[in-house]
Amino acid sequence: MGCNACYNVCPKDAIEMHEDEEGFKYPQINEKKCIKCGLCEKICPMINETIRNNFSVPKVYAAWTQNQHIRLDSTSGGIFSELANQVFDENGYVCGAVYNKEWRVEHILTKNKLELENIRSSKYLQSDINNIYRQIKSKLDDKNKILFCGSPCQVAGLYNYLKKGYDNLYTCDFICRGMNSPKIFTMYINNLEDKYRSKVKKVKFKNKIHGWHNFSTRIEFENGKVYIGNRYVDSFMVGYLKYTAFMRPACYECRFKGFPRKGDITLADFWGIEKINKKLDNDMGTSMVLINSNKGQELFEKIKNNIVCENIESRDVFEDNICTYKSPDRTKSRELVFENIDNMTYKELCEKFFKKPGIKERIKIFIKTSKLYRKLKE
């Protein structure tokens, strides 16, 4: 699944991460360097379960930050930013995913608060861990406090790599639907650059200009133009959410869903919160916060003065968050897209393998988005 634990643990750097034809990186062993120590297999979370003493049933909160700017700039309620700021204030490091200059996603480890804006918000691409686990271990051994945020499999990979617990490490995972191909995303970006005749300057998934429920992809270009496509029309989100066509093969059979969770805290959009308590949804973003360990509770308590939160006891909390425990189905669209990825343009792939909405569906989308927009204006 590309967690890079084996890459980080190899004492001879005999493992290299190579991108396949779909755009996903997999480990390959350089036999000339390999000393057959077996460490790569011993720490692989796909082979050996990650052992953590986390709660079998997490504590569930609906929450959002009281900082309006952070909330609107975040994917859901801005809770990650509050956790990160708390660790920064304690002179610690934060590790999370950012875009690089090529619009690929990679993890960085930083104690610079200015980097938080780049780490904040979902990217929906497979992040390249590189050697970040090694950097984290070095800082932890030097008694630095660290908050690591990554997908559940990346959190599992980190713990297996470390081999022991650290009191100064806090981990945050998220309810993950699956990781999309960086190669597909590059094609998507290139297609938009051709259309707008300019290089991309900024990418923001789940922009809330039309509300949290009707989230949009917003992309700014160097020539000043801006692309905004909501979840129902943006081709990348349609391919991801409707057709599940861009994801890594392992994500269709994810072994890191369900409970107990691997991270100390799990964050997600609290979809369906309006059914549980309408007062907790004003269409600006509400986070589902799962507290999975005593360490997670300890860190969460420190930010409570900066947030609005309410404990949720309802048994229905995961009804609209099915990816908590179930992987998406692998579709025919997924097979067709990757079979033709090297002989068709991105536009051709979408036009050929994603059906355009019919009149009835377009009317439904129009009505739905209009209602959401009116709600936001109110």
# chains A, B, ... in the order shown; residues from 1 in each chain; ligands from 1
>>> select_by_dssp(residues="stretch 145-377 of chain A", states="helix (DSSP H, G or I)", output="NGL selection string")
:A and (152-162 or 182-196 or 235-242 or 249-253 or 273-276 or 278-280 or 294-302 or 304-306 or 322-324 or 332-339 or 346-353 or 359-377)
>>> select_by_dssp(residues="stretch 113-293 of chain A", states="strand (DSSP E or B)", output="PyMOL selection string")
chain A and resi 125+128+146-149+169-174+180+200-207+216-221+226-230+247+265-269+287-291
>>> residues_around(residues="A:Gln28", least_positions_apart="3", cutoff="12 Å", atoms="only C-alpha atoms", output="list in words")
Gly2, Asn4, Cys6, Tyr7, Cys10, Asp13, Ala14, Ile15, Glu16, Met17, His18, Glu19, Asp20, Lys25, Glu31, Lys32, Lys33, Cys34 and Cys40 of chain A
>>> write_last_selection(atoms="C-alpha atoms", output="PDB file, in the first residue's frame")
ATOM      1  CA  GLY A   2       3.041   2.271  -0.253  1.00  0.00           C
ATOM      2  CA  ASN A   4       7.357   3.119   2.933  1.00  0.00           C
ATOM      3  CA  CYS A   6      10.334  -1.140   4.516  1.00  0.00           C
ATOM      4  CA  TYR A   7      12.110   1.608   2.608  1.00  0.00           C
ATOM      5  CA  CYS A  10      16.443  -1.113   5.439  1.00  0.00           C
ATOM      6  CA  ASP A  13      19.176   1.235   1.534  1.00  0.00           C
ATOM      7  CA  ALA A  14      18.573  -1.819  -0.612  1.00  0.00           C
ATOM      8  CA  ILE A  15      14.895  -1.000  -1.075  1.00  0.00           C
ATOM      9  CA  GLU A  16      13.901   1.521  -3.713  1.00  0.00           C
ATOM     10  CA  MET A  17      10.408   2.856  -4.398  1.00  0.00           C
ATOM     11  CA  HIS A  18       9.542   2.617  -8.100  1.00  0.00           C
ATOM     12  CA  GLU A  19       6.459   4.047  -9.789  1.00  0.00           C
ATOM     13  CA  ASP A  20       4.434   1.582 -11.824  1.00  0.00           C
ATOM     14  CA  LYS A  25       5.072   3.500  -5.992  1.00  0.00           C
ATOM     15  CA  GLU A  31      19.697  -7.695  -4.608  1.00  0.00           C
ATOM     16  CA  LYS A  32      23.270  -6.435  -4.804  1.00  0.00           C
ATOM     17  CA  LYS A  33      22.765  -4.410  -1.607  1.00  0.00           C
ATOM     18  CA  CYS A  34      20.413  -6.758   0.256  1.00  0.00           C
ATOM     19  CA  CYS A  40      11.499  -5.294   5.761  1.00  0.00           C
TER      20      CYS A  40
END
>>> closest_atom_pairs(of="stretch 99-182 of chain A", to="stretch 264-275 of chain A", cutoff="10 Å", atoms="only C-alpha atoms", output="tab-separated table")
residue	atom	partner	partner_atom	distance
A:Ser122	CA	A:Ala268	CA	10.0
A:Phe148	CA	A:Asp264	CA	10.0
A:Cys149	CA	A:Ile265	CA	9.4
A:Gly150	CA	A:Thr266	CA	9.9
A:Ser151	CA	A:Thr266	CA	9.7
A:Pro152	CA	A:Thr266	CA	8.9
A:Val155	CA	A:Asp264	CA	9.7
A:Leu169	CA	A:Asp264	CA	9.5
A:Tyr170	CA	A:Asp264	CA	6.4
A:Thr171	CA	A:Asp264	CA	5.2
A:Cys172	CA	A:Ile265	CA	4.8
A:Asp173	CA	A:Thr266	CA	4.9
A:Phe174	CA	A:Leu267	CA	4.7
A:Ile175	CA	A:Ala268	CA	5.6
A:Cys176	CA	A:Ala268	CA	8.4
>>> residues_around(residues="stretch 295-311 of chain A", least_positions_apart="2", cutoff="10 Å", atoms="only C-alpha atoms", output="number ranges by chain")
A: 54, 59-67, 77-79, 82-87, 147, 167-172, 263-266, 280, 286-293, 313-314
>>> closest_residue(among="A:Ala245, A:Ile312, A:Cys153, A:Ile47", to="A:Leu336", atoms="only C-alpha atoms")
A:Ala245
>>> residues_around(residues="stretch 229-235 of chain A", least_positions_apart="2", cutoff="7 Å", atoms="only C-alpha atoms", output="PyMOL selection string")
chain A and resi 214-218+227+237-239
>>> atom_distance(atom1="atom CA of A:Ile129", atom2="atom CA of A:Lys183")
16.5 Å
>>> closest_residue(among="A:Lys206, A:Glu22, A:Leu116, A:Tyr93", to="A:Ile70", atoms="only C-alpha atoms")
A:Leu116
>>> residues_around(residues="stretch 347-349 of chain A", least_positions_apart="5", cutoff="10 Å", atoms="only C-alpha atoms", output="PyMOL selection string")
chain A and resi 187-188+191-192+235+333+336-338+340-341+354
>>> write_last_selection(atoms="all heavy atoms", output="mmCIF file, in the first residue's frame")
data_model
loop_
_atom_site.group_PDB
_atom_site.id
_atom_site.type_symbol
_atom_site.label_atom_id
_atom_site.label_comp_id
_atom_site.auth_asym_id
_atom_site.auth_seq_id
_atom_site.Cartn_x
_atom_site.Cartn_y
_atom_site.Cartn_z
ATOM 1 N N MET A 187 -2.216 14.397 -14.846
ATOM 2 C CA MET A 187 -2.944 14.522 -16.111
ATOM 3 C C MET A 187 -4.106 15.503 -15.969
ATOM 4 O O MET A 187 -4.376 16.311 -16.874
ATOM 5 C CB MET A 187 -3.453 13.150 -16.561
ATOM 6 C CG MET A 187 -2.350 12.161 -16.914
ATOM 7 S SD MET A 187 -2.969 10.469 -17.214
ATOM 8 C CE MET A 187 -3.813 10.705 -18.782
ATOM 9 N N TYR A 188 -4.779 15.445 -14.836
ATOM 10 C CA TYR A 188 -5.888 16.355 -14.544
ATOM 11 C C TYR A 188 -5.399 17.806 -14.499
ATOM 12 O O TYR A 188 -5.998 18.711 -15.111
ATOM 13 C CB TYR A 188 -6.512 15.946 -13.209
ATOM 14 C CG TYR A 188 -7.436 16.934 -12.545
ATOM 15 C CD1 TYR A 188 -8.742 17.120 -12.984
ATOM 16 C CD2 TYR A 188 -7.015 17.648 -11.422
ATOM 17 C CE1 TYR A 188 -9.603 18.009 -12.337
ATOM 18 C CE2 TYR A 188 -7.855 18.527 -10.774
ATOM 19 C CZ TYR A 188 -9.151 18.709 -11.235
ATOM 20 O OH TYR A 188 -9.987 19.582 -10.582
ATOM 21 N N ASN A 191 -4.373 19.043 -17.957
ATOM 22 C CA ASN A 191 -5.561 19.318 -18.769
ATOM 23 C C ASN A 191 -6.115 20.710 -18.460
ATOM 24 O O ASN A 191 -6.480 21.472 -19.370
ATOM 25 C CB ASN A 191 -6.622 18.251 -18.504
ATOM 26 C CG ASN A 191 -7.906 18.497 -19.284
ATOM 27 O OD1 ASN A 191 -7.925 18.443 -20.505
ATOM 28 N ND2 ASN A 191 -8.990 18.777 -18.576
ATOM 29 N N LEU A 192 -6.163 21.050 -17.172
ATOM 30 C CA LEU A 192 -6.659 22.370 -16.782
ATOM 31 C C LEU A 192 -5.693 23.475 -17.205
ATOM 32 O O LEU A 192 -6.110 24.569 -17.611
ATOM 33 C CB LEU A 192 -6.892 22.424 -15.271
ATOM 34 C CG LEU A 192 -8.148 21.695 -14.769
ATOM 35 C CD1 LEU A 192 -8.179 21.674 -13.247
ATOM 36 C CD2 LEU A 192 -9.415 22.350 -15.306
ATOM 37 N N SER A 235 -14.321 16.738 -12.748
ATOM 38 C CA SER A 235 -14.045 15.403 -13.291
ATOM 39 C C SER A 235 -13.209 14.546 -12.344
ATOM 40 O O SER A 235 -13.412 13.322 -12.258
ATOM 41 C CB SER A 235 -13.326 15.525 -14.644
ATOM 42 O OG SER A 235 -12.087 16.203 -14.500
ATOM 43 N N SER A 333 -14.971 0.817 -14.421
ATOM 44 C CA SER A 333 -14.395 2.102 -14.844
ATOM 45 C C SER A 333 -12.929 2.195 -14.445
ATOM 46 O O SER A 333 -12.100 2.712 -15.191
ATOM 47 C CB SER A 333 -15.178 3.256 -14.218
ATOM 48 O OG SER A 333 -16.507 3.272 -14.673
ATOM 49 N N LEU A 336 -10.852 0.171 -16.904
ATOM 50 C CA LEU A 336 -10.782 0.804 -18.219
ATOM 51 C C LEU A 336 -9.870 2.026 -18.218
ATOM 52 O O LEU A 336 -9.110 2.246 -19.166
ATOM 53 C CB LEU A 336 -12.195 1.191 -18.674
ATOM 54 C CG LEU A 336 -13.126 0.018 -18.992
ATOM 55 C CD1 LEU A 336 -14.553 0.515 -19.191
ATOM 56 C CD2 LEU A 336 -12.648 -0.732 -20.231
ATOM 57 N N VAL A 337 -9.942 2.827 -17.150
ATOM 58 C CA VAL A 337 -9.106 4.019 -17.069
ATOM 59 C C VAL A 337 -7.630 3.646 -17.104
ATOM 60 O O VAL A 337 -6.836 4.203 -17.882
ATOM 61 C CB VAL A 337 -9.424 4.828 -15.791
ATOM 62 C CG1 VAL A 337 -8.309 5.834 -15.488
ATOM 63 C CG2 VAL A 337 -10.749 5.560 -15.943
ATOM 64 N N PHE A 338 -7.238 2.671 -16.276
ATOM 65 C CA PHE A 338 -5.819 2.341 -16.193
ATOM 66 C C PHE A 338 -5.330 1.482 -17.362
ATOM 67 O O PHE A 338 -4.144 1.478 -17.668
ATOM 68 C CB PHE A 338 -5.502 1.692 -14.844
ATOM 69 C CG PHE A 338 -5.460 2.688 -13.715
ATOM 70 C CD1 PHE A 338 -6.464 2.733 -12.767
ATOM 71 C CD2 PHE A 338 -4.428 3.608 -13.621
ATOM 72 C CE1 PHE A 338 -6.447 3.657 -11.739
ATOM 73 C CE2 PHE A 338 -4.380 4.538 -12.597
ATOM 74 C CZ PHE A 338 -5.400 4.570 -11.650
ATOM 75 N N ASN A 340 -6.055 2.240 -20.292
ATOM 76 C CA ASN A 340 -5.874 3.203 -21.388
ATOM 77 C C ASN A 340 -5.128 4.463 -20.972
ATOM 78 O O ASN A 340 -5.075 5.432 -21.730
ATOM 79 C CB ASN A 340 -7.257 3.602 -21.936
ATOM 80 C CG ASN A 340 -7.959 2.459 -22.613
ATOM 81 O OD1 ASN A 340 -7.718 2.172 -23.784
ATOM 82 N ND2 ASN A 340 -8.844 1.778 -21.879
ATOM 83 N N ILE A 341 -4.523 4.441 -19.795
ATOM 84 C CA ILE A 341 -3.913 5.652 -19.244
ATOM 85 C C ILE A 341 -2.776 6.193 -20.104
ATOM 86 O O ILE A 341 -2.534 7.407 -20.149
ATOM 87 C CB ILE A 341 -3.434 5.401 -17.789
ATOM 88 C CG1 ILE A 341 -3.064 6.728 -17.110
ATOM 89 C CG2 ILE A 341 -2.283 4.416 -17.751
ATOM 90 C CD1 ILE A 341 -2.787 6.593 -15.630
ATOM 91 N N PHE A 354 -16.622 7.881 -18.215
ATOM 92 C CA PHE A 354 -17.540 8.450 -17.236
ATOM 93 C C PHE A 354 -18.761 8.990 -17.979
ATOM 94 O O PHE A 354 -18.623 9.871 -18.838
ATOM 95 C CB PHE A 354 -16.893 9.594 -16.447
ATOM 96 C CG PHE A 354 -15.632 9.204 -15.715
ATOM 97 C CD1 PHE A 354 -14.696 10.169 -15.384
ATOM 98 C CD2 PHE A 354 -15.377 7.891 -15.372
ATOM 99 C CE1 PHE A 354 -13.537 9.831 -14.712
ATOM 100 C CE2 PHE A 354 -14.210 7.534 -14.711
ATOM 101 C CZ PHE A 354 -13.288 8.503 -14.373
#
>>> atom_distance(atom1="atom CA of A:Phe259", atom2="atom CA of A:Arg315")
14.7 Å
>>> closest_residue(among="A:Asn282, A:Ser198, A:Asn321, A:Gln154", to="A:Val226", atoms="only C-alpha atoms")
A:Ser198
>>> closest_residue(among="A:Asn53, A:Asn144, A:Asn48, A:Asn277", to="A:Asn294", atoms="only C-alpha atoms")
A:Asn53
